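Everything on this sheet refers to the single structure shown next.
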Amino acid sequence: MAKAKFVNFLEKFEKAIKKKVLLKKKISVNENNKEYLKKKIIIKKRKNMQIKDIGFLIGEILMKISFKRFIVKAPIGTLYLVSTQNLIPKTSRKEGSRIAMDTSTLCIMRMIKKNADPFINTILEKNPLTVFYIEIGGLEKQLIQLREIVELPLFNKEIFDKIGIKIPKGVLLYGPPGTGKTLMAKSLAFNIKAKFLKITGSGVVDKYIGESARIIREIFYFAKKNIPCIIFLDEIDAIGGKRLSDGTSADREIQRTMMELLNQLDGYEELIDIKTIMATNRPDVLDPALLRPGRIDKKILIPLPDFKGKQEILKIHLSRIKTKGDINFEKLISLSKNFNGADIRNICTEAGLFALRKKRTFIVNSDLYSAIQKIFKGKERIKNFF
Ligand code: ATP
């Protein structure tokens with residue numbers, strides 16, 4: 001009797017233990033679920049905040065009236081007298097700083113870090129440039145001149161100090177389109193391992209109307225923080241043209257940009273690691289103030305390639321393509337009258353397309369002739385159109 005009672009008790013005890021283990025398991029599962037739900041709530045809350053978060057206007061402080069009052073420039077260029085939030089440190093409320101403003105009250109809500117301008121990312125060459133000097137054809141003399149101005153002061157500053165001459169700051173490359181001005185600037189940046197910022201004059205004025213002077217300031221600021229740096233200003237005639245006394249508001253915008261450029265060129269006296277290379281097809285329209293030594297120290301003509309130049313350029317571009325049979329360079333060059341470097345590169349591309357159409361994976365002399373004919377016809381058509 002007592003034994004049966006004991007067995008019964010044991011069974012009950014076992015059941016109770018099993019129940020407890022099961023409950024423990026359930027509790028741990030629930031706890032895991034609780035953690036998971038907690039995380040989910042945090043994510044949802046963040047998403048909710050992001051949706052609710054309002055945007056700000058980006059502006060610039062032009063003048064400090066008092067610790068709380070500032071004259072600011074809004075994105076469209078209008079000036080406003082605004083106040084600032086108390087949380088912003090007084091020391092950071094400086095003229096020229098970029099700010100985030102409330103969309104309705106225009107109150108300054110935040111200061112934006114100086115190096116945060118997204119524009120710089122769009123003009124900075126991010127892919128590593130790999131343009132060797134030997135990939136430039138027919139411009140040996142010009143390349144030597146350019147390297148003297150840019151490379152020499154960078155690696156042999158003492159020479160300039162010994163003689164007592166000022167280190168050149170900028171170069172102007174001028175000449176017809178497609179002759180290799182950009183290519184030279186890029187190869188220089190690659191060879192001296194410099195950052196390469198490329199902007200076109202027309203692009204700055206068109207896209208950033210009311211802001212272009214600030215953009216020029218940002219570019220030089222970035223360059224100073226990222227030496228060595230080459231600033232390549234293409235189509236400089238768009239902002240560096242001769243100034244007229246009475247102009248439209250667009251002209252005034254261009255003039256403001258140009259004044260800022262002159263200001264910046266005068267301002268980085270002590271820095272030898274920033275070089276400005278400007279390029280234009282219209283040197284005749286440039287303002288003499290920009291051309292004076294101390295701003296642009298050397299003007300280098302990049303002409304249309306001569307016979308030897310064309311041959312070199314053709315050889316450079318053909319070396320990247322599969323060819324078969326002898327290539328008659330003399331005849332090809334004599335046919336490509338008035339062709340610039342870009343046209344010669346185009347001959348190779350077109351010849352490649354002709355070969356593809358004939359289901360070949362290599363080009364022959366006749367493809368090059370057909371390509372020249374095609375490019376020549378295209379050029380004539382454009383000429384006759386005007
Ligand atoms: P633009 O004045 O219109 O801006 P550009 O003078 O800057 O023209 P590039 O952009 O440097 O001309 O040249 C266009 C392309 O033509 C180059 O990427 C290169 O492939 C080819 N090219 C031009 N000139 C040369 C050259 N001297 N040697 C080798 N390739 C050249």
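To be explicit about the labels: the chains of the structure tokens are called A, B, and onward in the order shown, and within each one the residues are counted from 1, while ligands get numbers from 1 in the order they are shown.
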
Requested in this report: Identify, counting only C-alpha atoms and all ligand atoms, the protein, DNA and RNA residues located within 9 Å of ligand 1, and give them as a VMD selection string.
Outcome: chain A and resid 134 to 139 173 to 186 234 to 235 279 to 281 302 304 to 305 309 to 310 312 to 314 316 to 317 340 to 346

Requested in this report: Could you tell me, as number ranges by chain, which residues of segment 15-217 of chain A DSSP assigns to strand (DSSP E or B) when given the backbone?
Outcome: A: 56-64, 69-73, 79-84, 98-102, 108-112, 124, 170-174, 195-200

Restricting the output to N, CA and C atoms, write the selected residues as a CSV table (one decimal), in the first residue's frame.
```csv
chain,number,residue,atom,x,y,z
A,56,PHE,N,15.2,70.9,-44.5
A,56,PHE,CA,15.6,72.2,-44.2
A,56,PHE,C,16.0,72.9,-45.5
A,57,LEU,N,16.1,74.2,-45.5
A,57,LEU,CA,16.6,75.0,-46.6
A,57,LEU,C,18.1,75.1,-46.4
A,58,ILE,N,18.9,75.0,-47.4
A,58,ILE,CA,20.3,75.2,-47.3
A,58,ILE,C,20.7,76.7,-47.7
A,59,GLY,N,21.4,77.4,-46.8
A,59,GLY,CA,21.8,78.7,-47.1
A,59,GLY,C,23.2,79.1,-46.6
A,60,GLU,N,23.5,80.3,-46.6
A,60,GLU,CA,24.8,80.8,-46.2
A,60,GLU,C,24.7,82.0,-45.4
A,61,ILE,N,25.5,82.1,-44.4
A,61,ILE,CA,25.5,83.4,-43.6
A,61,ILE,C,26.3,84.4,-44.3
A,62,LEU,N,25.7,85.6,-44.6
A,62,LEU,CA,26.5,86.6,-45.3
A,62,LEU,C,27.0,87.6,-44.3
A,63,MET,N,26.2,88.0,-43.3
A,63,MET,CA,26.6,89.0,-42.4
A,63,MET,C,26.1,88.8,-41.0
A,64,LYS,N,26.9,89.0,-40.0
A,64,LYS,CA,26.5,88.9,-38.6
A,64,LYS,C,26.0,90.2,-38.1
A,69,ARG,N,21.2,87.5,-34.6
A,69,ARG,CA,20.6,88.0,-35.9
A,69,ARG,C,21.7,87.9,-37.0
A,70,PHE,N,21.2,87.4,-38.1
A,70,PHE,CA,22.1,87.3,-39.3
A,70,PHE,C,21.5,87.6,-40.6
A,71,ILE,N,22.2,88.1,-41.5
A,71,ILE,CA,21.7,88.3,-42.9
A,71,ILE,C,22.2,87.0,-43.6
A,72,VAL,N,21.2,86.3,-44.2
A,72,VAL,CA,21.6,85.0,-44.8
A,72,VAL,C,21.1,85.0,-46.3
A,73,LYS,N,21.8,84.2,-47.1
A,73,LYS,CA,21.4,84.0,-48.5
A,73,LYS,C,20.7,82.7,-48.6
A,79,LEU,N,18.1,87.6,-50.0
A,79,LEU,CA,18.7,87.8,-48.7
A,79,LEU,C,17.6,87.9,-47.7
A,80,TYR,N,17.8,87.4,-46.5
A,80,TYR,CA,16.8,87.5,-45.4
A,80,TYR,C,17.6,87.8,-44.1
A,81,LEU,N,16.8,88.5,-43.2
A,81,LEU,CA,17.4,88.8,-41.9
A,81,LEU,C,16.7,87.7,-41.0
A,82,VAL,N,17.5,86.9,-40.4
A,82,VAL,CA,16.9,85.8,-39.6
A,82,VAL,C,17.5,85.6,-38.2
A,83,SER,N,16.9,84.8,-37.4
A,83,SER,CA,17.4,84.6,-36.1
A,83,SER,C,18.0,83.1,-36.0
A,84,THR,N,18.6,82.8,-34.9
A,84,THR,CA,19.2,81.5,-34.9
A,84,THR,C,18.7,80.7,-33.6
A,98,ARG,N,27.9,77.5,-44.0
A,98,ARG,CA,26.7,77.0,-44.6
A,98,ARG,C,25.7,76.6,-43.5
A,99,ILE,N,24.4,76.8,-43.7
A,99,ILE,CA,23.5,76.6,-42.6
A,99,ILE,C,22.2,75.8,-43.2
A,100,ALA,N,21.5,75.2,-42.2
A,100,ALA,CA,20.2,74.6,-42.5
A,100,ALA,C,19.2,75.5,-41.9
A,101,MET,N,18.2,75.9,-42.7
A,101,MET,CA,17.2,76.9,-42.2
A,101,MET,C,15.8,76.2,-42.2
A,102,ASP,N,15.0,76.6,-41.2
A,102,ASP,CA,13.6,76.1,-41.2
A,102,ASP,C,12.9,76.6,-42.4
A,108,ILE,N,17.8,79.8,-38.3
A,108,ILE,CA,18.9,78.9,-38.5
A,108,ILE,C,18.8,77.7,-37.5
A,109,MET,N,18.7,76.5,-38.1
A,109,MET,CA,18.5,75.3,-37.2
A,109,MET,C,19.8,74.5,-36.9
A,110,ARG,N,20.7,74.5,-37.9
A,110,ARG,CA,21.9,73.7,-37.8
A,110,ARG,C,23.0,74.4,-38.6
A,111,MET,N,24.2,74.1,-38.2
A,111,MET,CA,25.4,74.5,-39.0
A,111,MET,C,25.8,73.3,-39.9
A,112,ILE,N,26.1,73.5,-41.1
A,112,ILE,CA,26.6,72.4,-41.9
A,112,ILE,C,28.1,72.4,-42.0
A,124,LEU,N,34.8,65.6,-58.5
A,124,LEU,CA,36.1,65.0,-58.2
A,124,LEU,C,36.2,63.7,-59.0
A,170,GLY,N,49.2,79.0,-62.1
A,170,GLY,CA,48.2,78.5,-63.0
A,170,GLY,C,48.7,78.5,-64.5
A,171,VAL,N,48.1,77.7,-65.2
A,171,VAL,CA,48.4,77.6,-66.7
A,171,VAL,C,47.2,77.7,-67.5
A,172,LEU,N,47.3,78.2,-68.7
A,172,LEU,CA,46.2,78.3,-69.6
A,172,LEU,C,46.5,77.4,-70.8
A,173,LEU,N,45.7,76.4,-71.1
A,173,LEU,CA,45.9,75.6,-72.3
A,173,LEU,C,44.9,76.1,-73.3
A,174,TYR,N,45.3,76.6,-74.4
A,174,TYR,CA,44.3,77.1,-75.4
A,174,TYR,C,44.6,76.5,-76.7
A,195,LYS,N,45.0,64.9,-56.5
A,195,LYS,CA,43.5,64.8,-56.7
A,195,LYS,C,43.1,65.7,-57.9
A,196,PHE,N,42.1,65.3,-58.6
A,196,PHE,CA,41.8,66.0,-59.9
A,196,PHE,C,40.3,66.5,-59.8
A,197,LEU,N,40.2,67.8,-59.8
A,197,LEU,CA,38.8,68.4,-59.8
A,197,LEU,C,38.6,69.0,-61.1
A,198,LYS,N,37.6,68.5,-61.8
A,198,LYS,CA,37.3,69.1,-63.2
A,198,LYS,C,35.9,69.8,-63.2
A,199,ILE,N,36.0,71.1,-63.5
A,199,ILE,CA,34.7,71.8,-63.7
A,199,ILE,C,34.7,72.5,-65.0
A,200,THR,N,33.5,72.7,-65.5
A,200,THR,CA,33.4,73.5,-66.8
A,200,THR,C,32.7,74.8,-66.4
```

Requested in this report: Taking the chain letters and numbering used in this document, name the residues of segment 236-379 of chain A that DSSP puts in alpha helix (DSSP H), as a ChimeraX atom specification.
Outcome: /A:237-240,249-267,288-291,307-318,329-335,341-357,365-379

Which neighbours of segment 146-153 of chain A fall inside 10 Å, counting only C-alpha atoms, when residues of the same chain fewer than 3 positions from it are skipped, and could you give them as a compact mmCIF listing (two decimals) with N, CA and C atoms, in the first residue's frame?
```
# COMPACT_ATOMS: atom_id res chain seq x y z
N GLU A 140 54.91 66.80 -77.24
CA GLU A 140 56.07 66.69 -76.33
C GLU A 140 56.46 68.04 -75.74
N LYS A 141 56.58 69.05 -76.64
CA LYS A 141 57.04 70.37 -76.18
C LYS A 141 56.06 70.93 -75.15
N GLN A 142 54.78 70.83 -75.47
CA GLN A 142 53.74 71.38 -74.59
C GLN A 142 53.74 70.66 -73.24
N LEU A 143 53.99 69.34 -73.31
CA LEU A 143 53.99 68.56 -72.08
C LEU A 143 55.16 68.97 -71.18
N ASN A 156 60.73 70.15 -56.62
CA ASN A 156 61.98 70.89 -56.45
C ASN A 156 61.71 72.35 -56.10
N LYS A 157 61.04 72.54 -55.02
CA LYS A 157 60.67 73.91 -54.61
C LYS A 157 61.92 74.77 -54.37
N GLU A 158 63.01 74.13 -53.87
CA GLU A 158 64.23 74.87 -53.51
C GLU A 158 64.80 75.62 -54.70
N ILE A 159 64.65 75.03 -55.91
CA ILE A 159 65.21 75.68 -57.10
C ILE A 159 64.61 77.08 -57.24
N PHE A 160 63.31 77.17 -57.04
CA PHE A 160 62.63 78.46 -57.17
C PHE A 160 63.09 79.42 -56.08
N ASP A 161 63.27 78.87 -54.87
CA ASP A 161 63.73 79.70 -53.75
C ASP A 161 65.14 80.22 -54.01
N LYS A 166 58.99 83.57 -58.09
CA LYS A 166 57.74 83.07 -57.49
C LYS A 166 57.31 81.78 -58.17
N ILE A 167 56.71 80.91 -57.39
CA ILE A 167 56.25 79.64 -57.95
C ILE A 167 54.98 79.88 -58.76
N PRO A 168 54.96 79.39 -60.02
CA PRO A 168 53.76 79.62 -60.83
C PRO A 168 52.54 78.94 -60.23
N LYS A 169 51.38 79.59 -60.44
CA LYS A 169 50.14 79.03 -59.86
C LYS A 169 49.26 78.37 -60.91
N GLY A 170 49.17 79.03 -62.05
CA GLY A 170 48.19 78.52 -63.02
C GLY A 170 48.71 78.52 -64.45
N VAL A 171 48.09 77.68 -65.24
CA VAL A 171 48.45 77.56 -66.65
C VAL A 171 47.18 77.66 -67.48
N LEU A 172 47.30 78.24 -68.66
CA LEU A 172 46.17 78.25 -69.59
C LEU A 172 46.55 77.40 -70.79
N LEU A 173 45.71 76.41 -71.08
CA LEU A 173 45.90 75.61 -72.29
C LEU A 173 44.87 76.10 -73.29
N MET A 184 45.96 66.00 -71.19
CA MET A 184 47.23 66.42 -70.58
C MET A 184 47.06 66.69 -69.10
N ALA A 185 45.99 67.40 -68.76
CA ALA A 185 45.76 67.74 -67.34
C ALA A 185 45.57 66.46 -66.53
N LEU A 188 48.82 64.54 -66.04
CA LEU A 188 49.66 65.22 -65.05
C LEU A 188 49.20 64.84 -63.65
N ALA A 189 47.88 64.91 -63.43
CA ALA A 189 47.34 64.57 -62.11
C ALA A 189 47.69 63.13 -61.75
N ASN A 191 50.26 61.33 -62.87
CA ASN A 191 51.70 61.14 -62.66
C ASN A 191 52.22 61.77 -61.38
N ILE A 192 51.57 62.84 -60.92
CA ILE A 192 52.05 63.42 -59.65
C ILE A 192 51.18 62.96 -58.48
N ILE A 230 44.93 69.19 -58.44
CA ILE A 230 44.88 69.95 -59.70
C ILE A 230 43.43 70.35 -59.93
N ILE A 272 51.97 75.57 -52.62
CA ILE A 272 52.58 75.18 -53.90
C ILE A 272 51.95 73.92 -54.44
N ASP A 273 51.13 73.28 -53.63
CA ASP A 273 50.60 71.97 -54.02
C ASP A 273 49.25 72.03 -54.71
N ILE A 274 48.78 73.24 -54.98
CA ILE A 274 47.53 73.36 -55.74
C ILE A 274 47.88 74.06 -57.04
N LYS A 275 47.48 73.45 -58.13
CA LYS A 275 47.73 74.10 -59.42
C LYS A 275 46.41 74.20 -60.18
N THR A 276 46.23 75.36 -60.80
CA THR A 276 45.02 75.55 -61.57
C THR A 276 45.37 75.46 -63.05
N ILE A 277 44.74 74.54 -63.73
CA ILE A 277 44.94 74.44 -65.18
C ILE A 277 43.62 74.85 -65.83
N ASP A 297 50.30 81.99 -65.13
CA ASP A 297 51.71 82.30 -65.37
C ASP A 297 52.19 81.84 -66.72
N LYS A 298 51.50 80.91 -67.31
CA LYS A 298 51.95 80.41 -68.61
C LYS A 298 50.75 80.12 -69.49
N LYS A 299 50.89 80.51 -70.77
CA LYS A 299 49.83 80.20 -71.73
C LYS A 299 50.43 79.25 -72.75
N ILE A 300 49.86 78.08 -72.85
CA ILE A 300 50.43 77.07 -73.77
C ILE A 300 49.43 76.77 -74.89
```

**Report entry** Non-local contacts of segment 214-218 of chain A (7 Å; only C-alpha atoms; under 3 positions in same chain excluded) as a PyMOL selection string
**Finding:** chain A and resi 211+221-222+260-261

Take the residues that were just selected and, keeping N, CA and C atoms, output them as a PDB file, in the first residue's frame.
```
ATOM      1  N   GLU A 211      24.912  80.877 -56.793  1.00  0.00           N
ATOM      2  CA  GLU A 211      25.737  80.090 -55.883  1.00  0.00           C
ATOM      3  C   GLU A 211      27.141  79.888 -56.439  1.00  0.00           C
ATOM      4  N   TYR A 221      38.681  75.516 -51.293  1.00  0.00           N
ATOM      5  CA  TYR A 221      38.742  75.052 -49.900  1.00  0.00           C
ATOM      6  C   TYR A 221      39.067  73.553 -49.885  1.00  0.00           C
ATOM      7  N   PHE A 222      38.368  72.805 -50.768  1.00  0.00           N
ATOM      8  CA  PHE A 222      38.594  71.356 -50.848  1.00  0.00           C
ATOM      9  C   PHE A 222      40.041  71.080 -51.270  1.00  0.00           C
ATOM     10  N   GLU A 260      35.404  86.011 -57.819  1.00  0.00           N
ATOM     11  CA  GLU A 260      35.736  85.041 -56.773  1.00  0.00           C
ATOM     12  C   GLU A 260      36.937  84.202 -57.202  1.00  0.00           C
ATOM     13  N   LEU A 261      36.961  83.872 -58.504  1.00  0.00           N
ATOM     14  CA  LEU A 261      38.071  83.080 -59.026  1.00  0.00           C
ATOM     15  C   LEU A 261      39.380  83.870 -58.878  1.00  0.00           C
TER      16      LEU A 261
END
```

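Of the residues listed (A:Leu154, A:Ala355, A:Leu291, A:Ala213), A:Ala213 shows the shortest atom-to-atom separation from Asn263 of chain A; distances use only C-alpha atoms.
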
I want to know what sits within 12 Å of Phe376 of chain A, based on only C-alpha atoms, with residues of the same chain fewer than 3 positions away left out; could you give that as a CSV table (one decimal) with C-alpha atoms, in the first residue's frame?
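In the end it all went to out.csv:
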```csv
chain,number,residue,atom,x,y,z
A,335,LEU,CA,43.6,61.4,-95.9
A,336,SER,CA,42.8,62.8,-92.4
A,337,LYS,CA,43.2,66.5,-93.2
A,338,ASN,CA,42.2,68.9,-90.4
A,339,PHE,CA,41.5,66.0,-88.0
A,340,ASN,CA,42.1,66.7,-84.3
A,343,ASP,CA,38.8,62.6,-84.6
A,344,ILE,CA,41.9,60.3,-84.8
A,346,ASN,CA,37.3,58.1,-83.5
A,347,ILE,CA,38.9,56.6,-86.7
A,350,GLU,CA,34.7,53.5,-86.3
A,369,TYR,CA,39.9,54.1,-94.8
A,370,SER,CA,36.1,53.6,-94.5
A,371,ALA,CA,36.2,55.1,-91.0
A,372,ILE,CA,38.1,58.2,-92.3
A,373,GLN,CA,35.6,58.7,-95.1
A,379,LYS,CA,32.4,66.9,-90.5
A,380,GLU,CA,31.5,68.3,-94.0
A,381,ARG,CA,27.8,67.8,-93.2
A,382,ILE,CA,28.2,69.8,-90.0
A,383,LYS,CA,30.2,72.5,-91.9
```

Query raised in the report: Taking only C-alpha atoms into account, which of A:Gln85, A:Lys331, A:Thr257, A:Pro228 comes nearest Lys193 of chain A?
Result: A:Pro228
